[in-house]
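Here's the structure we're looking at; comments come further down.
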Amino acid sequence: MIDLRNFTLAELQDFVADMGQPEFRAKQIYNWIYRGVKSFREMKNLPEAFLNELEKKCSPGTLTLEKRQMSKEDGTQKFLFVLEDGHKVESVFMKYKYGNSVCISSQAGCRMGCKFCASGLLGLARNLTAGELVSQVMDIENITGERVSRVVVMGTGEPFDNYENLSKFLSIMNDSNGRNMGMRNFTVSTCGLVPEIEKFAKDFPQVNLAISLHAVSDDIRSEIMPVNNRYNISELMAQAKKYTEITHRRVTFEFALIKGINDDEDTVKALEKLVSGMLCHINLIPLNEVSENGLKTAGRSRGLEICGYLERHGIPCTVRRQLGADISGACGQLRLDS
Ligand code: SAH
């Protein structure tokens, strides 16, 4: 089946032209899809014969919902979707005071091999298409009946390892003829693919960028994040500075606190030094424990202590709140257990 959510408006215009239809039909279809229709029959202003033809060839989205978990505490919901070829991806819906947020996966699996992460345990199956990225957001809106105002690309996968489809996804979601979501409402998180950070700064200067740092010495970072053997901390930090020069925007550094590995005084002081003077924000994440790797969390209270220290030294910092504690399980765990 051809996934209509994998088309930019220009591509859809070519597609309908190939089917012998006038170009304006593409805008009509685009409009329906991003208004959230689930079937072609709901596209009321299209001729019957054309709808029949579309139905034979295409689908308005290709994900099948396999599992939905709902938190009773704070409205967080986790979704496990099955792709057309049987691979599975996880997405999360979160409620915040300022609106609803969805965390999507960028790949089925991941090949970055971070030690603490459940997503990479089985390696990479394949990149997700732009349509599969779009559908995670659109299907969650359709299933929950809630409007999503922010999207974070922080689920399974390394988004910059799937750069082209990520770019296409952002362009489709941003199109004013479709979902019309502002670029500033997206956040993309990378483990630190240095060349793509620069490309991204130039291509999408308004999208928020988060960089998974997690360590301040190359020894430790290489130990827990193999990507550090390709791009070390000094290359990464230089590129983060360049990112701010290009975009004039701050970078968020994510720092997952792992007991006995990166939660000691010396690390905290070195972290302060490393980011001092940068336009940035540090997001401390108490490690979500994954039984397969034996790593332990430094705990939220240690996170708050470190956060206090950094703030006293002028570094903006937060400790990530754990949402949906009753349906918790580390990122990627739902997919792994299915
Ligand atoms: N590949 C991207 C995005 C996916 S992971 C990246 O590395 O940034 C999103 C964030 O969750 C990253 O900061 C990642 O390092 C972190 N993460 C992964 N597993 C975790 C775990 N078990 N506990 C806490 N944070 C984790």
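Labels for the structure tokens follow display order: chains A, B, ..., residues from 1 in each chain, ligands from 1.
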Practice prompt. Among the residues of stretch 34-238 of chain A, find those DSSP assigns to strand (DSSP E or B) from the backbone and print them as a PyMOL selection string.
Written response: chain A and resi 58-59+64-70+77-82+88-96+99-103+107-109+124-127+150-153+186-190+208-212
Atoms to include: C-alpha atoms. Write the selected residues as a CSV table (one decimal), in the first residue's frame.
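The resulting file, selection-v2.csv, is reproduced below:
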```
chain,number,residue,atom,x,y,z
A,58,CYS,CA,-3.2,3.7,-0.9
A,59,SER,CA,-3.8,4.0,2.7
A,64,THR,CA,-1.8,-0.8,13.5
A,65,LEU,CA,-2.2,-0.3,17.2
A,66,GLU,CA,-1.1,-3.4,19.1
A,67,LYS,CA,-1.1,-2.1,22.7
A,68,ARG,CA,-2.2,1.0,24.6
A,69,GLN,CA,-1.2,1.6,28.3
A,70,MET,CA,-2.8,4.4,30.2
A,77,GLN,CA,-0.3,6.9,27.6
A,78,LYS,CA,2.1,4.5,25.8
A,79,PHE,CA,1.4,3.1,22.4
A,80,LEU,CA,2.9,0.1,20.6
A,81,PHE,CA,2.3,0.2,16.9
A,82,VAL,CA,2.9,-2.5,14.3
A,88,LYS,CA,7.1,-2.6,16.1
A,89,VAL,CA,7.6,1.0,17.4
A,90,GLU,CA,6.7,2.7,20.6
A,91,SER,CA,5.3,6.2,21.1
A,92,VAL,CA,4.3,8.1,24.3
A,93,PHE,CA,1.6,10.7,24.9
A,94,MET,CA,2.2,13.1,27.8
A,95,LYS,CA,0.0,15.8,29.3
A,96,TYR,CA,1.6,19.0,30.5
A,99,GLY,CA,-0.4,21.3,26.3
A,100,ASN,CA,0.0,17.7,25.1
A,101,SER,CA,3.2,16.3,23.9
A,102,VAL,CA,4.1,13.1,22.0
A,103,CYS,CA,7.4,11.3,22.0
A,107,GLN,CA,13.9,4.0,13.8
A,108,ALA,CA,12.8,0.4,14.5
A,109,GLY,CA,15.6,-0.4,16.9
A,124,LEU,CA,18.7,-1.7,14.1
A,125,ALA,CA,15.9,-3.3,12.2
A,126,ARG,CA,15.3,-0.4,9.8
A,127,ASN,CA,14.7,3.3,9.4
A,150,ARG,CA,4.6,19.4,20.9
A,151,VAL,CA,6.5,16.5,19.4
A,152,VAL,CA,9.8,15.2,20.7
A,153,VAL,CA,11.8,12.8,18.7
A,186,PHE,CA,9.5,20.1,17.8
A,187,THR,CA,12.5,18.8,19.7
A,188,VAL,CA,15.0,16.4,18.2
A,189,SER,CA,17.5,14.5,20.4
A,190,THR,CA,20.8,13.1,19.1
A,208,ASN,CA,14.9,22.5,19.4
A,209,LEU,CA,18.0,20.4,19.7
A,210,ALA,CA,18.9,18.1,22.6
A,211,ILE,CA,22.2,16.4,22.8
A,212,SER,CA,22.7,13.2,24.9
```
Fill in: Residues within 6 Å of ligand 1, counting only C-alpha atoms and all ligand atoms, as a VMD selection string
chain A and resid 116 to 117 154 to 158 189 to 191 211 to 212 254 256 285 287 to 290 330 to 331
Please save N, CA, C and O atoms of the selected residues as an mmCIF file, in the first residue's frame.
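For reference, out-v6.cif as written:
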```
data_model
loop_
_atom_site.group_PDB
_atom_site.id
_atom_site.type_symbol
_atom_site.label_atom_id
_atom_site.label_comp_id
_atom_site.auth_asym_id
_atom_site.auth_seq_id
_atom_site.Cartn_x
_atom_site.Cartn_y
_atom_site.Cartn_z
ATOM 1 N N PHE A 116 23.239 1.919 28.448
ATOM 2 C CA PHE A 116 22.148 2.049 29.411
ATOM 3 C C PHE A 116 20.773 1.941 28.767
ATOM 4 O O PHE A 116 19.759 1.965 29.440
ATOM 5 N N CYS A 117 20.729 1.852 27.440
ATOM 6 C CA CYS A 117 19.466 2.046 26.715
ATOM 7 C C CYS A 117 18.879 0.717 26.253
ATOM 8 O O CYS A 117 19.593 -0.140 25.729
ATOM 9 N N MET A 154 12.419 11.500 20.598
ATOM 10 C CA MET A 154 13.274 10.979 21.670
ATOM 11 C C MET A 154 12.927 9.540 22.000
ATOM 12 O O MET A 154 13.298 9.031 23.048
ATOM 13 N N GLY A 155 12.177 8.897 21.122
ATOM 14 C CA GLY A 155 11.844 7.498 21.348
ATOM 15 C C GLY A 155 12.976 6.623 20.828
ATOM 16 O O GLY A 155 14.126 7.054 20.746
ATOM 17 N N THR A 156 12.625 5.406 20.437
ATOM 18 C CA THR A 156 13.635 4.486 19.915
ATOM 19 C C THR A 156 14.297 5.061 18.660
ATOM 20 O O THR A 156 13.631 5.627 17.801
ATOM 21 N N GLY A 157 15.619 4.862 18.573
ATOM 22 C CA GLY A 157 16.326 5.231 17.346
ATOM 23 C C GLY A 157 17.135 6.496 17.467
ATOM 24 O O GLY A 157 16.977 7.276 18.407
ATOM 25 N N GLU A 158 18.044 6.674 16.512
ATOM 26 C CA GLU A 158 18.856 7.886 16.444
ATOM 27 C C GLU A 158 18.340 8.702 15.247
ATOM 28 O O GLU A 158 18.570 8.327 14.096
ATOM 29 N N SER A 189 16.365 14.849 19.534
ATOM 30 C CA SER A 189 17.463 14.476 20.438
ATOM 31 C C SER A 189 18.447 13.566 19.718
ATOM 32 O O SER A 189 18.063 12.582 19.091
ATOM 33 N N THR A 190 19.724 13.920 19.800
ATOM 34 C CA THR A 190 20.751 13.104 19.141
ATOM 35 C C THR A 190 21.797 12.624 20.141
ATOM 36 O O THR A 190 22.083 13.309 21.130
ATOM 37 N N CYS A 191 22.393 11.469 19.854
ATOM 38 C CA CYS A 191 23.468 10.961 20.706
ATOM 39 C C CYS A 191 24.784 11.663 20.364
ATOM 40 O O CYS A 191 25.802 11.427 21.005
ATOM 41 N N ILE A 211 21.071 17.227 23.026
ATOM 42 C CA ILE A 211 22.224 16.353 22.789
ATOM 43 C C ILE A 211 22.432 15.481 24.020
ATOM 44 O O ILE A 211 22.489 15.978 25.147
ATOM 45 N N SER A 212 22.513 14.174 23.797
ATOM 46 C CA SER A 212 22.736 13.245 24.909
ATOM 47 C C SER A 212 24.215 13.248 25.242
ATOM 48 O O SER A 212 25.027 12.738 24.485
ATOM 49 N N GLU A 254 21.331 16.426 27.623
ATOM 50 C CA GLU A 254 20.716 15.418 28.489
ATOM 51 C C GLU A 254 21.822 14.675 29.216
ATOM 52 O O GLU A 254 22.874 14.351 28.638
ATOM 53 N N ALA A 256 21.929 11.466 31.776
ATOM 54 C CA ALA A 256 21.271 10.392 32.535
ATOM 55 C C ALA A 256 22.176 10.010 33.703
ATOM 56 O O ALA A 256 23.350 9.666 33.492
ATOM 57 N N ILE A 285 18.498 13.299 33.967
ATOM 58 C CA ILE A 285 17.502 12.224 33.883
ATOM 59 C C ILE A 285 17.911 11.105 34.834
ATOM 60 O O ILE A 285 18.916 10.439 34.593
ATOM 61 N N LEU A 287 18.403 7.715 35.809
ATOM 62 C CA LEU A 287 18.402 6.566 34.886
ATOM 63 C C LEU A 287 17.170 5.691 35.084
ATOM 64 O O LEU A 287 16.764 5.402 36.199
ATOM 65 N N ASN A 288 16.578 5.318 33.967
ATOM 66 C CA ASN A 288 15.497 4.354 33.972
ATOM 67 C C ASN A 288 16.169 2.984 33.911
ATOM 68 O O ASN A 288 16.813 2.666 32.913
ATOM 69 N N GLU A 289 16.044 2.200 34.963
ATOM 70 C CA GLU A 289 16.842 0.961 34.992
ATOM 71 C C GLU A 289 16.346 -0.075 33.992
ATOM 72 O O GLU A 289 15.153 -0.261 33.816
ATOM 73 N N VAL A 290 17.285 -0.715 33.329
ATOM 74 C CA VAL A 290 16.994 -1.751 32.331
ATOM 75 C C VAL A 290 17.662 -3.020 32.863
ATOM 76 O O VAL A 290 18.885 -3.029 33.045
ATOM 77 N N ALA A 330 11.589 1.279 30.984
ATOM 78 C CA ALA A 330 12.475 2.180 30.247
ATOM 79 C C ALA A 330 12.028 2.332 28.804
ATOM 80 O O ALA A 330 11.262 1.517 28.291
ATOM 81 N N CYS A 331 12.549 3.374 28.184
ATOM 82 C CA CYS A 331 12.282 3.633 26.773
ATOM 83 C C CYS A 331 12.627 2.375 25.985
ATOM 84 O O CYS A 331 13.693 1.814 26.160
#
```
Fill in: Contacts of A:Asp3 at 7 Å (only C-alpha atoms; same-chain gap of 3+ positions) as a PyMOL selection string
chain A and resi 6+58-62+131
Worksheet item: Which residue, A:Lys38, A:Glu292, A:Phe24, A:Asn283, has the smallest gap to A:Asp337 when you use only C-alpha atoms?
Response: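 Closest residue, counting only C-alpha atoms: A:Glu292.
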Worksheet item: If you count only C-alpha atoms, which residues fall within 10 Å of A:Asp264, apart from same-chain ones fewer than 4 positions away, as an MDAnalysis selection string?
Response: chainID A and resid 257:260 268:269 298 302 306
